[in-house]
Amino acid sequence: MQQELVKIITQAAKQAGFSVRGGVNVDYPQETYGDYATNFALQAAKTVKLSPKTIANNLRSHILNLRPDLFDKVEVAEPGFLNFFIAKKYLQDQVKEIVKQKEKYGEIKTNKQKINIEYCSANPTGPLHLGHGRGAFWGDTLANVFDKAGHKTTREYFINDYGKQILLFGESINARWQELLGQKPEIKEEFYKGEYVKDIARELMKKEEHAKLSEAERIKVFADIGLKKMLAETKALLEKAGVKYDVWFSERTLYKKDLVKKAIELLKKKGFTYEKEGALWFSSSKLGDDKDRVLKKANGEETYFASDIAYHLNKISRKYDLLIDGWGADHWGYKMRLMAAAKVLGFEEKLKIVVGQFVRLVENGQEVKMSKRGGVFFTLEELFNEVGPDVARFFFLMKSVDTHIDFNLDLAKEQSQKNPVYYIQYAHARISSILLKAGKSKSGARLNLLRHPSELKLIKELLKFPDVIEDTSKDYQVQRLPQYAVELATSFHKFYQDCQVIPASPAGRSKDKNLSQARLVLTLAAKIVLKNTLELMGVSAPEKM
RNA sequence: GCCCCCGUGGCUCAAUUGGACAGAGCGCCUGGCUUCGAACCAGGAGAUUCUAGGUUCGAGUCCUAGCGGGGGCACCA
């Protein structure tokens with residue numbers, strides 16, 4: 001609806017001779033002002049030498065000329081807003097349209113893009129924690145929105161299965177394994193120390209052949225086994241939470257195909273590298289980064305940064321129009337250097353990096369430091385065990401990735417029963433129950449009987465859904481979805497309270513029957529949109545609860 | 001020290017990207033089931049949007065300075 005209004009206003013502005021710079025803005029004002037509003041006249045007044053009200057009045061007559069059918073009225077308000085009241089007839093007709101489109105409702109016509117979105121991508125050396133959950137839910141939901149917006153989306157997970165930390169992981173397991181054999185190995189400061197490391201070691205005790213290997217070989221074998229196990233657990237957990245992936249991309253393949261070397265060569269050719277103290281450096285400071293970065297260490301190994309450049313070049317070679325990276329808070333400082341590389345290699349415009357903020361775990365008013373190596377942390381799996389995936393997903397999705405979250409576990413447990421997700425699911429279950437009771441509805445309902453304020457409010461809410469998709473696919477602010485879901489549920493609950501859907505007495509008059517039929521169609525439309533919204537968020541839509 | 005992010009009722013978060021009276025949930029107070037699901041609805045109390053300046057028709061949002069919290073400043077990933 002917003003988009004349609006934008007088009008109409010744009011056209012009217014052209015007819016009236018106003019230039020449309022920076023686009024037309026349509027928003028939802030307070031109810032008393034109207035259903036939609038535009039500040040176009042206020043904006044235009046900056047360049048045109050006319051008062052905002054004059055512009056608004058002029059625009060208004062052109063709009064009414066273009067679409068007399070669409071509005072009950074269009075008002076000019078101080079200091080120059082233009083407020084739109086949508087015609088009842090139009091609203092009533094839209095209900096039929098929603099029911100017709102069913103699960104396809106909300107799909108919008110956009111310039112179809114091929115999008116790659118990478119999210120979560122936790123190191124495979126430990127279990128997922130809350131921050132990973134936040135990233136995973138955000139990415140998965142955003143990918144759902146992209147699909148709905150008509151884009152071709154690839155969901156990707158980058159597996160850091162190469163480099164020093166893998167060996168460190170193997171050493172950590174090996175040390176625990178030796179402990180179990182009664183030896184007293186050195187537990188180094190930098191080792192991974194969580195219980196899960198001991199669990200892996202314990203499992204390895206079952207096979208005796210490991211004792212025959214040399215220590216170096218054993219560490220490699222253990223690292224591989226540990227890695228596979230952690231990865232399998234990660235996959236299982238994400239699947240349980242409904243987080244989907246199309247591609248699991250292994251860092252090792254970049255080395256196998258020599259892509260890291262090639263990436264470095266490319267940077268050399270562009271003239272943005274130099275050698276210093278035996279290492280190869282990238283002049284990222286010339287491109288906005290704080291300092292230059294090492295691509296190849298003095299010992300001949302490539303850095304993670306180098307392989308990450310190779311990874312992004314690989315994505316570009318797969319012909320995406322847009323690459324989105326969803327990163328954890330600890331990657332803030334890393335953003336500039338990758339953008340610097342993107343500038344040199346010509347994909348700056350295509351790369352969007354979104355860095356989420358920290359999730360702090362708070363217990364008894366004290367922060368609990370989460371660290372894989374320290375071994376103290378609360379895992380995503382534990383959260384699922386406490387509150388279930390639906391509540392967990394909703395809880396994180398509600399919040400903008402820009403805000404720090406103080407996660408209080410006791411409060412989360414206590415409040416999970418009061419979580420707004422149940423409010424929405426309850427609306428869906430209520431609807432399901434009504435539709436079940438009403439039985440099969442007949443076609444040809446007289447939707448022009450829908451006139452009650454609560455009915456019209458509900459319809460208007462339903463019409464916002466495509467706007468939610470449109471906006472979110474552009475600005476990635478997924479918290480809009482849970483917010484919308486709550487508003488929609490509220491509108492339905494209110495409608496339910498005010499408007500009896502199924503007549504109280506079975507022998508009602510035909511007038512009541514017609515109204516009931518119309519309300520049933522509206523109820524069905526509400527169910528469709530509510531379910532659509534829940535599906536985008538990856539939250540279940542129960543028929544009963 | 002330098003760079004980045006955040007600061008909104010008691011608590012957890014929104015605010016359509018510069019719009020109209022700052023909105024929800026939780027908690028607190030009051031009312032509503034002999035009719036379709038009360039996990040609901042209606043009403044109430046509770047805000048100097050960290051502080052001080054500035055920009056303009058208009059600021060929670062932009063600029064400057066300060067205060068508070070977090071993160072980053074590796075030849076780790």
# chains A, B, ... in the order shown; residues from 1 in each chain; ligands from 1

$ select_by_dssp --residues "segment 32-87 of chain A" --states "strand (DSSP E)" --output "PDB file with C-alpha atoms, in the first residue's frame"
ATOM      1  CA  TYR A  36      -1.202   7.233   5.647  1.00  0.00           C
ATOM      2  CA  ALA A  37       0.612  10.518   5.454  1.00  0.00           C
ATOM      3  CA  THR A  38       3.300  12.170   3.397  1.00  0.00           C
ATOM      4  CA  PHE A  71      -9.702   7.614  -0.788  1.00  0.00           C
ATOM      5  CA  ASP A  72     -12.559   8.574   1.471  1.00  0.00           C
ATOM      6  CA  LYS A  73     -10.760  11.842   1.916  1.00  0.00           C
ATOM      7  CA  VAL A  74      -7.367  13.486   1.643  1.00  0.00           C
ATOM      8  CA  GLU A  75      -6.591  16.289   4.083  1.00  0.00           C
ATOM      9  CA  VAL A  76      -3.986  18.993   4.266  1.00  0.00           C
ATOM     10  CA  ALA A  77      -2.747  19.498   7.817  1.00  0.00           C
ATOM     11  CA  PHE A  81       1.307  17.265   5.845  1.00  0.00           C
ATOM     12  CA  LEU A  82      -0.961  15.450   3.473  1.00  0.00           C
ATOM     13  CA  ASN A  83      -3.122  12.846   5.198  1.00  0.00           C
ATOM     14  CA  PHE A  84      -4.873   9.998   3.432  1.00  0.00           C
ATOM     15  CA  PHE A  85      -7.980   8.132   4.491  1.00  0.00           C
ATOM     16  CA  ILE A  86      -8.382   4.949   2.484  1.00  0.00           C
TER      17      ILE A  86
END

$ interface_residues --of "chain B" --to "chain A" --cutoff "12 Å" --atoms "only C-alpha atoms (C1' of nucleotides)" --output "JSON, numbers by chain"
{"B": [2, 3, 4, 5, 6, 7, 11, 12, 13, 14, 15, 16, 17, 18, 19, 20, 21, 23, 24, 25, 26, 27, 32, 33, 35, 36, 37, 38, 39, 40, 41, 42, 56, 57, 58, 69, 70, 71, 72, 73, 74, 75, 76, 77]}

$ atom_distance --atom1 "atom CA of Arg155 of chain A" --atom2 "atom CA of Lys244 of chain A"
7.2 Å

$ residues_around --residues "segment 307-321 of chain A" --least-positions-apart "3" --cutoff "10 Å" --atoms "only C-alpha atoms (C1' of nucleotides)" --output "NGL selection string"
:A and (112-116 or 152-154 or 158 or 160 or 162 or 249-255 or 258-264 or 266-267 or 295 or 302-304 or 325 or 337-339 or 341-342 or 345-347 or 349-351)

$ write_last_selection --atoms "N, CA and C atoms" --output "short mmCIF file (atom, residue, chain, number, x, y, z; two decimals), in the first residue's frame"
data_model
loop_
_atom_site.label_atom_id
_atom_site.label_comp_id
_atom_site.auth_asym_id
_atom_site.auth_seq_id
_atom_site.Cartn_x
_atom_site.Cartn_y
_atom_site.Cartn_z
N LYS A 112 14.60 -8.10 -9.00
CA LYS A 112 15.10 -9.36 -8.46
C LYS A 112 16.62 -9.35 -8.40
N GLN A 113 17.14 -9.68 -7.23
CA GLN A 113 18.59 -9.72 -7.06
C GLN A 113 19.03 -11.10 -6.60
N LYS A 114 20.29 -11.41 -6.93
CA LYS A 114 20.88 -12.65 -6.43
C LYS A 114 21.68 -12.26 -5.19
N ILE A 115 21.24 -12.72 -4.04
CA ILE A 115 21.84 -12.29 -2.79
C ILE A 115 22.50 -13.45 -2.05
N ASN A 116 23.67 -13.21 -1.56
CA ASN A 116 24.32 -14.20 -0.69
C ASN A 116 24.36 -13.61 0.71
N LYS A 152 16.62 -13.95 -5.13
CA LYS A 152 17.15 -15.32 -5.11
C LYS A 152 18.25 -15.33 -4.05
N THR A 153 18.00 -16.03 -2.97
CA THR A 153 18.87 -15.94 -1.81
C THR A 153 19.66 -17.21 -1.54
N THR A 154 20.94 -17.06 -1.25
CA THR A 154 21.76 -18.18 -0.81
C THR A 154 22.17 -17.92 0.63
N PHE A 158 30.27 -20.00 6.85
CA PHE A 158 31.71 -20.13 6.57
C PHE A 158 32.36 -20.90 7.71
N ASN A 160 35.47 -22.02 9.64
CA ASN A 160 36.89 -21.71 9.86
C ASN A 160 37.63 -22.98 10.26
N TYR A 162 40.58 -23.98 9.19
CA TYR A 162 41.98 -23.87 8.82
C TYR A 162 42.66 -22.90 9.79
N PHE A 249 30.47 -23.56 3.63
CA PHE A 249 31.70 -23.31 2.88
C PHE A 249 32.93 -23.49 3.78
N SER A 250 33.78 -24.44 3.38
CA SER A 250 34.97 -24.73 4.18
C SER A 250 36.15 -23.86 3.78
N GLU A 251 36.78 -23.26 4.78
CA GLU A 251 37.94 -22.41 4.52
C GLU A 251 39.05 -23.20 3.82
N ARG A 252 39.16 -24.47 4.17
CA ARG A 252 40.23 -25.30 3.58
C ARG A 252 40.16 -25.36 2.06
N THR A 253 38.93 -25.35 1.53
CA THR A 253 38.82 -25.46 0.08
C THR A 253 39.48 -24.27 -0.62
N LEU A 254 39.52 -23.14 0.07
CA LEU A 254 40.17 -21.96 -0.51
C LEU A 254 41.65 -22.24 -0.73
N TYR A 255 42.25 -22.97 0.23
CA TYR A 255 43.67 -23.30 0.10
C TYR A 255 43.88 -24.40 -0.92
N ASP A 258 44.01 -23.04 -4.19
CA ASP A 258 44.99 -21.95 -4.35
C ASP A 258 44.35 -20.57 -4.46
N LEU A 259 43.15 -20.45 -3.97
CA LEU A 259 42.45 -19.18 -4.13
C LEU A 259 43.04 -18.08 -3.25
N VAL A 260 43.65 -18.48 -2.14
CA VAL A 260 44.24 -17.47 -1.26
C VAL A 260 45.44 -16.83 -1.94
N LYS A 261 46.28 -17.68 -2.53
CA LYS A 261 47.44 -17.15 -3.27
C LYS A 261 46.99 -16.21 -4.38
N LYS A 262 45.96 -16.66 -5.10
CA LYS A 262 45.47 -15.86 -6.22
C LYS A 262 44.96 -14.51 -5.74
N ALA A 263 44.30 -14.52 -4.60
CA ALA A 263 43.77 -13.26 -4.05
C ALA A 263 44.91 -12.31 -3.74
N ILE A 264 45.97 -12.85 -3.15
CA ILE A 264 47.13 -12.03 -2.81
C ILE A 264 47.79 -11.47 -4.08
N LEU A 266 46.39 -10.80 -6.83
CA LEU A 266 45.51 -9.76 -7.35
C LEU A 266 45.77 -8.43 -6.65
N LEU A 267 45.92 -8.49 -5.35
CA LEU A 267 46.20 -7.27 -4.59
C LEU A 267 47.57 -6.71 -4.96
N LEU A 295 49.16 -9.87 5.13
CA LEU A 295 48.49 -10.87 4.31
C LEU A 295 49.20 -12.21 4.44
N GLU A 302 49.63 -17.74 5.18
CA GLU A 302 48.70 -16.65 4.91
C GLU A 302 47.85 -16.40 6.16
N THR A 303 47.47 -15.15 6.35
CA THR A 303 46.62 -14.83 7.50
C THR A 303 45.15 -15.13 7.17
N TYR A 304 44.36 -15.09 8.24
CA TYR A 304 42.92 -15.28 8.05
C TYR A 304 42.35 -14.18 7.16
N ASP A 325 27.27 -9.81 5.03
CA ASP A 325 27.97 -10.52 6.09
C ASP A 325 27.36 -10.12 7.42
N ARG A 337 39.07 -3.22 7.37
CA ARG A 337 40.11 -3.81 6.51
C ARG A 337 39.49 -4.61 5.36
N LEU A 338 38.37 -5.26 5.66
CA LEU A 338 37.73 -6.00 4.57
C LEU A 338 37.11 -5.04 3.56
N MET A 339 36.55 -3.96 4.06
CA MET A 339 36.00 -2.95 3.14
C MET A 339 37.12 -2.35 2.29
N ALA A 341 39.80 -3.87 1.30
CA ALA A 341 40.09 -4.85 0.24
C ALA A 341 39.00 -4.80 -0.84
N ALA A 342 37.76 -4.63 -0.39
CA ALA A 342 36.65 -4.57 -1.34
C ALA A 342 36.78 -3.37 -2.27
N LEU A 345 39.46 -4.21 -4.86
CA LEU A 345 39.07 -5.29 -5.76
C LEU A 345 37.74 -5.06 -6.45
N GLY A 346 37.16 -3.89 -6.18
CA GLY A 346 36.00 -3.48 -6.96
C GLY A 346 34.66 -4.07 -6.58
N PHE A 347 34.51 -4.56 -5.33
CA PHE A 347 33.17 -5.02 -4.95
C PHE A 347 32.64 -4.31 -3.71
N GLU A 349 30.68 -1.80 -3.57
CA GLU A 349 29.25 -1.50 -3.69
C GLU A 349 28.37 -2.70 -3.37
N LYS A 350 28.93 -3.88 -3.59
CA LYS A 350 28.12 -5.09 -3.42
C LYS A 350 28.17 -5.66 -2.01
N LEU A 351 29.11 -5.19 -1.23
CA LEU A 351 29.30 -5.79 0.09
C LEU A 351 28.67 -4.97 1.20
#

$ atom_distance --atom1 "atom CA of Thr379 of chain A" --atom2 "atom CA of Val391 of chain A"
15.3 Å

$ atom_distance --atom1 "atom CA of Gly106 of chain A" --atom2 "atom CA of Tyr476 of chain A"
16.6 Å

$ select_by_dssp --residues "segment 53-235 of chain A" --states "helix (DSSP H, G or I)" --output "PyMOL selection string"
chain A and resi 53-66+88-104+130-148+164-180+195-204+208-212+215-235

$ write_last_selection --atoms "C-alpha atoms" --output "CSV table (one decimal), in the first residue's frame"
chain,number,residue,atom,x,y,z
A,53,LYS,CA,0.4,24.3,2.5
A,54,THR,CA,0.1,25.7,-1.1
A,55,ILE,CA,2.1,22.8,-2.4
A,56,ALA,CA,0.1,20.3,-0.4
A,57,ASN,CA,-3.2,21.7,-1.7
A,58,ASN,CA,-2.0,21.6,-5.2
A,59,LEU,CA,-0.7,18.0,-4.8
A,60,ARG,CA,-4.0,17.0,-3.2
A,61,SER,CA,-6.1,18.0,-6.2
A,62,HIS,CA,-3.9,16.1,-8.6
A,63,ILE,CA,-4.0,13.0,-6.4
A,64,LEU,CA,-7.7,13.1,-6.1
A,65,ASN,CA,-7.9,13.5,-9.9
A,66,LEU,CA,-5.7,10.5,-10.4
A,88,LYS,CA,-13.9,1.5,2.8
A,89,LYS,CA,-14.7,-0.2,-0.4
A,90,TYR,CA,-11.0,-0.5,-1.3
A,91,LEU,CA,-10.3,-2.0,2.1
A,92,GLN,CA,-13.1,-4.5,1.9
A,93,ASP,CA,-12.0,-5.6,-1.6
A,94,GLN,CA,-8.4,-6.2,-0.3
A,95,VAL,CA,-9.7,-8.9,2.1
A,96,LYS,CA,-10.8,-11.0,-0.8
A,97,GLU,CA,-7.4,-10.4,-2.5
A,98,ILE,CA,-5.5,-11.7,0.6
A,99,VAL,CA,-7.6,-14.9,0.8
A,100,LYS,CA,-7.1,-15.4,-2.9
A,101,GLN,CA,-3.3,-15.1,-2.7
A,102,LYS,CA,-3.0,-17.1,0.5
A,103,GLU,CA,0.6,-17.9,1.4
A,104,LYS,CA,1.8,-15.8,-1.5
A,130,LEU,CA,23.8,-16.7,22.8
A,131,GLY,CA,25.6,-14.2,20.5
A,132,HIS,CA,25.7,-16.8,17.7
A,133,GLY,CA,22.0,-17.4,18.2
A,134,ARG,CA,21.3,-13.8,17.7
A,135,GLY,CA,23.3,-13.8,14.5
A,136,ALA,CA,21.7,-17.0,13.3
A,137,PHE,CA,18.1,-15.9,13.9
A,138,TRP,CA,18.8,-12.5,12.3
A,139,GLY,CA,20.3,-14.0,9.2
A,140,ASP,CA,17.8,-16.7,8.8
A,141,THR,CA,14.9,-14.3,9.1
A,142,LEU,CA,16.4,-11.8,6.8
A,143,ALA,CA,16.9,-14.5,4.2
A,144,ASN,CA,13.3,-15.5,4.5
A,145,VAL,CA,12.3,-11.9,3.9
A,146,PHE,CA,14.5,-11.7,0.9
A,147,ASP,CA,12.9,-14.7,-0.6
A,148,LYS,CA,9.5,-13.2,0.1
A,164,LYS,CA,46.2,-22.1,14.3
A,165,GLN,CA,43.1,-22.4,16.4
A,166,ILE,CA,42.3,-25.8,14.9
A,167,LEU,CA,45.6,-27.2,16.1
A,168,LEU,CA,45.1,-25.5,19.4
A,169,PHE,CA,41.8,-27.3,19.7
A,170,GLY,CA,43.5,-30.6,18.9
A,171,GLU,CA,46.1,-29.9,21.6
A,172,SER,CA,43.4,-29.1,24.1
A,173,ILE,CA,41.7,-32.4,23.4
A,174,ASN,CA,44.9,-34.3,23.5
A,175,ALA,CA,45.8,-32.9,26.9
A,176,ARG,CA,42.5,-34.0,28.4
A,177,TRP,CA,43.0,-37.4,26.7
A,178,GLN,CA,46.3,-37.7,28.4
A,179,GLU,CA,44.8,-36.7,31.7
A,180,LEU,CA,42.3,-39.5,31.4
A,195,GLU,CA,33.5,-29.3,29.6
A,196,TYR,CA,32.9,-30.3,26.0
A,197,VAL,CA,36.6,-30.7,25.4
A,198,LYS,CA,36.7,-33.3,28.1
A,199,ASP,CA,33.6,-35.0,26.7
A,200,ILE,CA,35.3,-35.4,23.3
A,201,ALA,CA,38.5,-36.8,25.0
A,202,ARG,CA,36.4,-39.2,27.0
A,203,GLU,CA,34.8,-40.5,23.8
A,204,LEU,CA,38.2,-40.9,22.2
A,208,GLU,CA,42.8,-47.7,21.5
A,209,GLU,CA,44.6,-47.0,18.2
A,210,HIS,CA,45.1,-43.4,19.2
A,211,ALA,CA,47.8,-44.4,21.7
A,212,LYS,CA,49.9,-45.8,18.9
A,215,GLU,CA,51.8,-36.9,19.6
A,216,ALA,CA,51.9,-34.6,16.6
A,217,GLU,CA,49.8,-37.0,14.5
A,218,ARG,CA,47.4,-37.6,17.3
A,219,ILE,CA,46.8,-33.8,17.8
A,220,LYS,CA,46.0,-33.6,14.1
A,221,VAL,CA,43.6,-36.5,14.3
A,222,PHE,CA,42.0,-35.2,17.4
A,223,ALA,CA,41.6,-31.8,15.9
A,224,ASP,CA,39.8,-33.3,13.0
A,225,ILE,CA,37.5,-35.5,15.1
A,226,GLY,CA,36.7,-32.6,17.4
A,227,LEU,CA,36.0,-30.3,14.5
A,228,LYS,CA,33.6,-32.8,12.9
A,229,LYS,CA,31.8,-33.3,16.2
A,230,MET,CA,31.4,-29.6,16.9
A,231,LEU,CA,30.2,-29.0,13.4
A,232,ALA,CA,27.7,-31.8,13.6
A,233,GLU,CA,26.4,-30.4,16.8
A,234,THR,CA,26.1,-26.9,15.4
A,235,LYS,CA,24.2,-28.2,12.4
